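Student: Encoded as structure tokens, here's the structure I'll be asking about.
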Amino acid sequence: MPAFPTPKQLWRDVRVFDGLTQLDEPMNLLVEGERIAGLWPVREFDEAFAQGAACAGRGGVMTPGLVDCHTHLVYAGNRAGEFEQRLEGASYEEIARAGGGILSSVRATRAASEDELIAASLPRLDALLADGVTTVEIKSGYGLTLADELKMLRVARRLGQLRPVRVITTLLGAHALPPEYAGRADDYVALVCDVMIPAAAAEGLADAVDVFCEGIGFSPAQCERIFQAAQAHGLALKAHAEQLSNLGGSALAARYGALSADHIEYLDEAGVRAMAEAGTVAVLLPGAFHVLRETQLPPIELLRQYQVPMAVASDANPGTSPICLPTLMANLACTLFRLTPREALSGMTAQAARALGRPDLGRIKVGSPADLCLWDVQSPAELAYAVQAGRLRQRIFNGELVHAR
Ligand code: DI6
Ligand code: FE
């Protein structure tokens, strides 16, 4: 007998969305220590299983903890002024080319200390957690110097120590060309490849490397160099691709075995096929589509046809998606992209976990880590149907009840 027996917690009579589908019958769910240890239809439950378990909850809808697989949560300042400029007719690209946009957040983020970035980012993280997130990916990309990119990644890692949440970090050195490299994009790409990636890998600060493959970002050839450097250092790959135009970035990412291609409004059938063949996840970001008032829809029907897994994420960032309410993303994925509520919820759990290379997360099944949300709703679809904060009754992180209402 171990000196401290593993604590057992039992939830009774919950409706379960397991990350892929809604289970037909009300279920009882047992957590032992950090893992899901049992899942039974209520009417087949043998009370012997409840032996030694504390009743942790009854009723409600249980989902996997939400996985927000694409955020730019760490930054200083805000861009409300640009929001107004866009409403007056300026485009996102015009503002970017005039030195605003991402570069405006770069100036503010470079000027901020690690502690200041923590203070600025924690309320955003707390908003995600209060709406059910248990795993969040956080990108750099507002530093664009070695020191400032590493600073952002360190802040992201520290956020994961300050709150009960899994943080996955991504180096996005190739987010924009910093002004000191104007006219020398290839030199900047060399800095990303030869200095930033090796340093982030050596310090264990990045789990993946991302690029912005776009006219106002980096060319496919430049992104390819970055993918090669990232692979040489054993880092996973992701791409912002086909957001504003079709440069073939998603197919390139797929060719390199990337975990995901994100945004993809302008993705064509060849790109969809390449992603299907490589198992690259399509990360849909309806918040950015909404805020930029885009009209080009991602090719949802083709993605379905080719069975490309679809994830949904917040893209929380100061420019195109200043939104930290993940269940709103489920709603927007349905209303704007016509996903079904089941697809949207799966996109924020099981499929999002795949987009992070963590297929062990985002599922409710025996043996999985116990990252769970208990919601005060009648059915999982309600989470996508209604836009309402405060429906989370409990958040369970790694077997521990970390939020209870
Ligand atoms: N696409 C986006 O939507 C974000 N980054 C990117 O490459 C926006 C970042 C920003 O505008 O600050
Ligand atoms: Fe993004």
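Ordering of the structure tokens sets the chain letters (A, B, ...); residue numbers start at 1 within each chain; ligands are numbered from 1 in the order shown.
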As an MDAnalysis selection string, please: every residue in region 99-310 of chain A that DSSP puts in strand (DSSP E).
Tutor: chainID A and resid 133:139 166:174 208:213 236:241 260:263 281:284 310
Student: Using only C-alpha atoms and all ligand atoms, find each protein or nucleic acid residue lying at most 7 Å from ligand 1; present the set as a list of chain:residue names.
Tutor: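 Residues satisfying the distance criterion: A:Gly101, A:Ile102, A:Ser105, A:His175, A:Phe212, A:His240, A:Ala288, A:Asp315, A:Asn317, A:Pro318, A:Gly319, A:Thr320, A:Ser321.
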Student: Which of these residues is nearest to ligand 2, using only C-alpha atoms and all ligand atoms: A:Gly257, A:Gly141, A:Gly347, A:Pro299?
Tutor: A:Gly141
Student: Using DSSP secondary structure from the backbone, list all helix (DSSP H, G or I) positions within region 102-276 of chain A, as a ChimeraX atom specification.
Tutor: /A:102-111,114-130,146-162,179-181,185-202,220-232,249-255,269-276
Student: Would you tabulate, counting only C-alpha atoms, all residues of region 201-256 of chain A that have an atom at most 12 Å from an atom of region 164-173 of chain A, showing the closest pair of atoms and their distance in Å to one decimal, sorted by chain then ascending number, as a Markdown table?
Tutor:
| residue | atom | partner | partner_atom | distance |
| --- | --- | --- | --- | --- |
| A:Ala201 | CA | A:Leu171 | CA | 9.6 |
| A:Gly204 | CA | A:Thr169 | CA | 9.7 |
| A:Leu205 | CA | A:Thr169 | CA | 7.0 |
| A:Ala206 | CA | A:Thr169 | CA | 5.1 |
| A:Asp207 | CA | A:Thr169 | CA | 5.4 |
| A:Ala208 | CA | A:Thr170 | CA | 4.6 |
| A:Val209 | CA | A:Leu171 | CA | 4.7 |
| A:Asp210 | CA | A:Leu172 | CA | 4.8 |
| A:Val211 | CA | A:Leu172 | CA | 5.8 |
| A:Phe212 | CA | A:Leu172 | CA | 7.9 |
| A:Cys213 | CA | A:Leu172 | CA | 11.3 |
| A:Gly217 | CA | A:Gly173 | CA | 10.9 |
| A:Phe218 | CA | A:Gly173 | CA | 10.8 |
| A:Cys223 | CA | A:Gly173 | CA | 10.9 |
| A:Ile226 | CA | A:Gly173 | CA | 9.5 |
| A:Phe227 | CA | A:Leu172 | CA | 11.5 |
| A:Ala230 | CA | A:Leu171 | CA | 9.7 |
| A:Leu235 | CA | A:Thr170 | CA | 9.3 |
| A:Ala236 | CA | A:Thr170 | CA | 8.9 |
| A:Leu237 | CA | A:Thr170 | CA | 8.9 |
| A:Lys238 | CA | A:Thr170 | CA | 8.6 |
| A:Ala239 | CA | A:Leu172 | CA | 9.2 |
| A:His240 | CA | A:Leu172 | CA | 9.7 |
Student: Extract, using only C-alpha atoms, all DNA, RNA and protein residues at most 9 Å from Phe289 (chain A), discarding same-chain residues fewer than 3 positions from it, and format them as a PyMOL selection string.
Tutor: chain A and resi 243+263+265+285-286+292-297+320-321+336
Student: Those residues you just picked out, can you put them in a file as a compact mmCIF listing (two decimals), in the first residue's frame with all heavy atoms?
Tutor:
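New file part_23.txt:
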# COMPACT_ATOMS: atom_id res chain seq x y z
N GLN A 243 -3.86 33.31 -45.39
CA GLN A 243 -4.80 34.16 -44.63
C GLN A 243 -5.36 35.28 -45.51
O GLN A 243 -6.55 35.56 -45.47
CB GLN A 243 -4.12 34.77 -43.39
CG GLN A 243 -5.07 35.66 -42.58
CD GLN A 243 -4.40 36.37 -41.40
OE1 GLN A 243 -3.18 36.36 -41.26
NE2 GLN A 243 -5.21 36.98 -40.55
N HIS A 263 -5.32 29.60 -40.35
CA HIS A 263 -6.08 30.64 -41.09
C HIS A 263 -6.70 30.00 -42.34
O HIS A 263 -7.89 29.77 -42.39
CB HIS A 263 -5.23 31.86 -41.50
CG HIS A 263 -4.90 32.76 -40.36
ND1 HIS A 263 -5.83 33.54 -39.75
CD2 HIS A 263 -3.73 32.99 -39.72
CE1 HIS A 263 -5.26 34.22 -38.76
NE2 HIS A 263 -3.98 33.91 -38.73
N GLU A 265 -7.92 30.78 -45.23
CA GLU A 265 -9.10 31.24 -45.97
C GLU A 265 -8.92 31.07 -47.48
O GLU A 265 -9.87 30.77 -48.20
CB GLU A 265 -9.40 32.72 -45.65
CG GLU A 265 -10.17 32.94 -44.35
CD GLU A 265 -9.29 33.00 -43.10
OE1 GLU A 265 -8.10 32.59 -43.16
OE2 GLU A 265 -9.80 33.44 -42.05
N LEU A 285 -9.52 30.11 -37.67
CA LEU A 285 -9.43 31.22 -36.73
C LEU A 285 -10.54 32.23 -37.04
O LEU A 285 -10.32 33.28 -37.63
CB LEU A 285 -8.04 31.86 -36.84
CG LEU A 285 -6.89 30.87 -36.59
CD1 LEU A 285 -5.54 31.48 -36.95
CD2 LEU A 285 -6.88 30.39 -35.14
N PRO A 286 -11.76 31.90 -36.63
CA PRO A 286 -12.90 32.75 -36.99
C PRO A 286 -12.87 34.12 -36.33
O PRO A 286 -13.52 35.05 -36.83
CB PRO A 286 -14.11 31.93 -36.53
CG PRO A 286 -13.59 31.00 -35.50
CD PRO A 286 -12.18 30.70 -35.87
N LEU A 292 -11.46 41.26 -38.94
CA LEU A 292 -11.03 41.90 -40.19
C LEU A 292 -12.18 42.01 -41.19
O LEU A 292 -12.00 42.52 -42.29
CB LEU A 292 -9.87 41.12 -40.82
CG LEU A 292 -8.54 41.16 -40.05
CD1 LEU A 292 -7.47 40.37 -40.78
CD2 LEU A 292 -8.07 42.59 -39.82
N ARG A 293 -13.33 41.53 -40.82
CA ARG A 293 -14.52 41.57 -41.68
C ARG A 293 -14.19 40.98 -43.05
O ARG A 293 -14.53 41.51 -44.10
CB ARG A 293 -15.05 43.00 -41.78
CG ARG A 293 -15.40 43.54 -40.39
CD ARG A 293 -15.69 45.03 -40.32
NE ARG A 293 -16.88 45.38 -41.07
CZ ARG A 293 -16.88 46.21 -42.11
NH1 ARG A 293 -15.76 46.75 -42.54
NH2 ARG A 293 -18.00 46.48 -42.72
N GLU A 294 -13.51 39.81 -42.99
CA GLU A 294 -13.13 39.10 -44.22
C GLU A 294 -14.38 38.53 -44.88
O GLU A 294 -15.41 38.32 -44.23
CB GLU A 294 -12.17 37.95 -43.89
CG GLU A 294 -10.82 38.37 -43.35
CD GLU A 294 -9.92 38.96 -44.42
OE1 GLU A 294 -10.26 38.85 -45.62
OE2 GLU A 294 -8.90 39.57 -44.05
N THR A 295 -14.26 38.25 -46.17
CA THR A 295 -15.39 37.63 -46.88
C THR A 295 -15.00 36.31 -47.52
O THR A 295 -15.85 35.52 -47.87
CB THR A 295 -15.91 38.57 -47.99
OG1 THR A 295 -14.80 38.97 -48.79
CG2 THR A 295 -16.57 39.81 -47.38
N GLN A 296 -13.69 36.07 -47.68
CA GLN A 296 -13.23 34.82 -48.28
C GLN A 296 -13.28 33.72 -47.22
O GLN A 296 -12.51 33.75 -46.25
CB GLN A 296 -11.80 35.01 -48.80
CG GLN A 296 -11.12 33.74 -49.27
CD GLN A 296 -11.56 33.33 -50.67
OE1 GLN A 296 -11.92 34.16 -51.49
NE2 GLN A 296 -11.53 32.03 -50.93
N LEU A 297 -14.17 32.75 -47.40
CA LEU A 297 -14.34 31.69 -46.41
C LEU A 297 -13.31 30.58 -46.62
O LEU A 297 -12.99 30.23 -47.75
CB LEU A 297 -15.74 31.08 -46.53
CG LEU A 297 -16.88 31.94 -46.00
CD1 LEU A 297 -18.22 31.47 -46.56
CD2 LEU A 297 -16.90 31.89 -44.48
N THR A 320 -5.73 41.37 -34.85
CA THR A 320 -6.82 40.79 -35.63
C THR A 320 -7.82 39.98 -34.82
O THR A 320 -8.85 39.57 -35.37
CB THR A 320 -6.27 39.88 -36.75
OG1 THR A 320 -5.59 38.79 -36.14
CG2 THR A 320 -5.31 40.63 -37.65
N SER A 321 -7.52 39.74 -33.55
CA SER A 321 -8.47 38.95 -32.75
C SER A 321 -8.28 39.24 -31.26
O SER A 321 -7.81 38.39 -30.51
CB SER A 321 -8.29 37.45 -33.06
OG SER A 321 -9.35 36.70 -32.49
N LEU A 336 -20.06 31.71 -38.79
CA LEU A 336 -19.32 32.27 -39.93
C LEU A 336 -18.84 31.19 -40.89
O LEU A 336 -18.87 31.38 -42.11
CB LEU A 336 -18.12 33.09 -39.45
CG LEU A 336 -18.45 34.30 -38.57
CD1 LEU A 336 -17.17 34.94 -38.06
CD2 LEU A 336 -19.29 35.31 -39.33
Student: Fewer than 5 positions away in the same chain doesn't count, so skip those; otherwise give me all residues within 9 Å of region 142-148 of chain A, counting only C-alpha atoms, as a list in words.
Tutor: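 Result of the neighbour search: His72, Val74, Tyr75, Ala76, Ile102, Leu103, Ser104, Ser105, Val106, Arg107, Ala108, Thr109, Arg110, Leu153, Leu172, Gly173, Ala174, His175, Ala176, Leu177, Pro178, Leu191, Val192, Val195, Met196, Ala199 and Ala200 of chain A.
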Student: Would you put the residues from that selection into a file with C-alpha atoms, as a compact mmCIF listing (two decimals), in the first residue's frame?
Tutor:
# COMPACT_ATOMS: atom_id res chain seq x y z
CA HIS A 72 -0.44 35.47 -29.42
CA VAL A 74 1.91 37.77 -24.74
CA TYR A 75 2.25 41.37 -25.87
CA ALA A 76 2.23 44.92 -24.51
CA ILE A 102 2.34 43.92 -35.96
CA LEU A 103 5.25 46.41 -35.78
CA SER A 104 3.28 48.66 -33.48
CA SER A 105 2.94 45.78 -31.01
CA VAL A 106 6.63 45.02 -31.54
CA ARG A 107 7.59 48.51 -30.34
CA ALA A 108 5.45 48.18 -27.20
CA THR A 109 6.61 44.62 -26.49
CA ARG A 110 10.30 45.41 -26.92
CA LEU A 153 8.98 32.75 -24.73
CA LEU A 172 7.33 33.00 -34.40
CA GLY A 173 10.45 34.99 -35.24
CA ALA A 174 9.20 35.18 -38.83
CA HIS A 175 6.07 37.14 -37.98
CA ALA A 176 7.08 40.45 -39.61
CA LEU A 177 10.25 42.04 -40.91
CA PRO A 178 11.61 44.33 -38.18
CA LEU A 191 19.02 35.48 -38.06
CA VAL A 192 15.88 33.44 -37.37
CA VAL A 195 20.53 32.37 -34.15
CA MET A 196 16.95 32.42 -32.84
CA ALA A 199 19.01 29.54 -29.02
CA ALA A 200 15.35 28.80 -28.35
Student: From the set A:Phe17, A:Thr340, A:Ala278, A:Cys193, which residue has the shortest atom-to-atom contact distance to Gln231 (chain A), counting only C-alpha atoms?
Tutor: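 For Gln231 (chain A), the nearest of the given residues is A:Cys193.
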Student: Can you list, as a PyMOL selection string, every protein, DNA or RNA residue that comes within 10 Å of Cys373 (chain A) when you count only C-alpha atoms, leaving out same-chain residues fewer than 4 positions away?
Tutor: chain A and resi 60-66+131-134+392-397+401+403
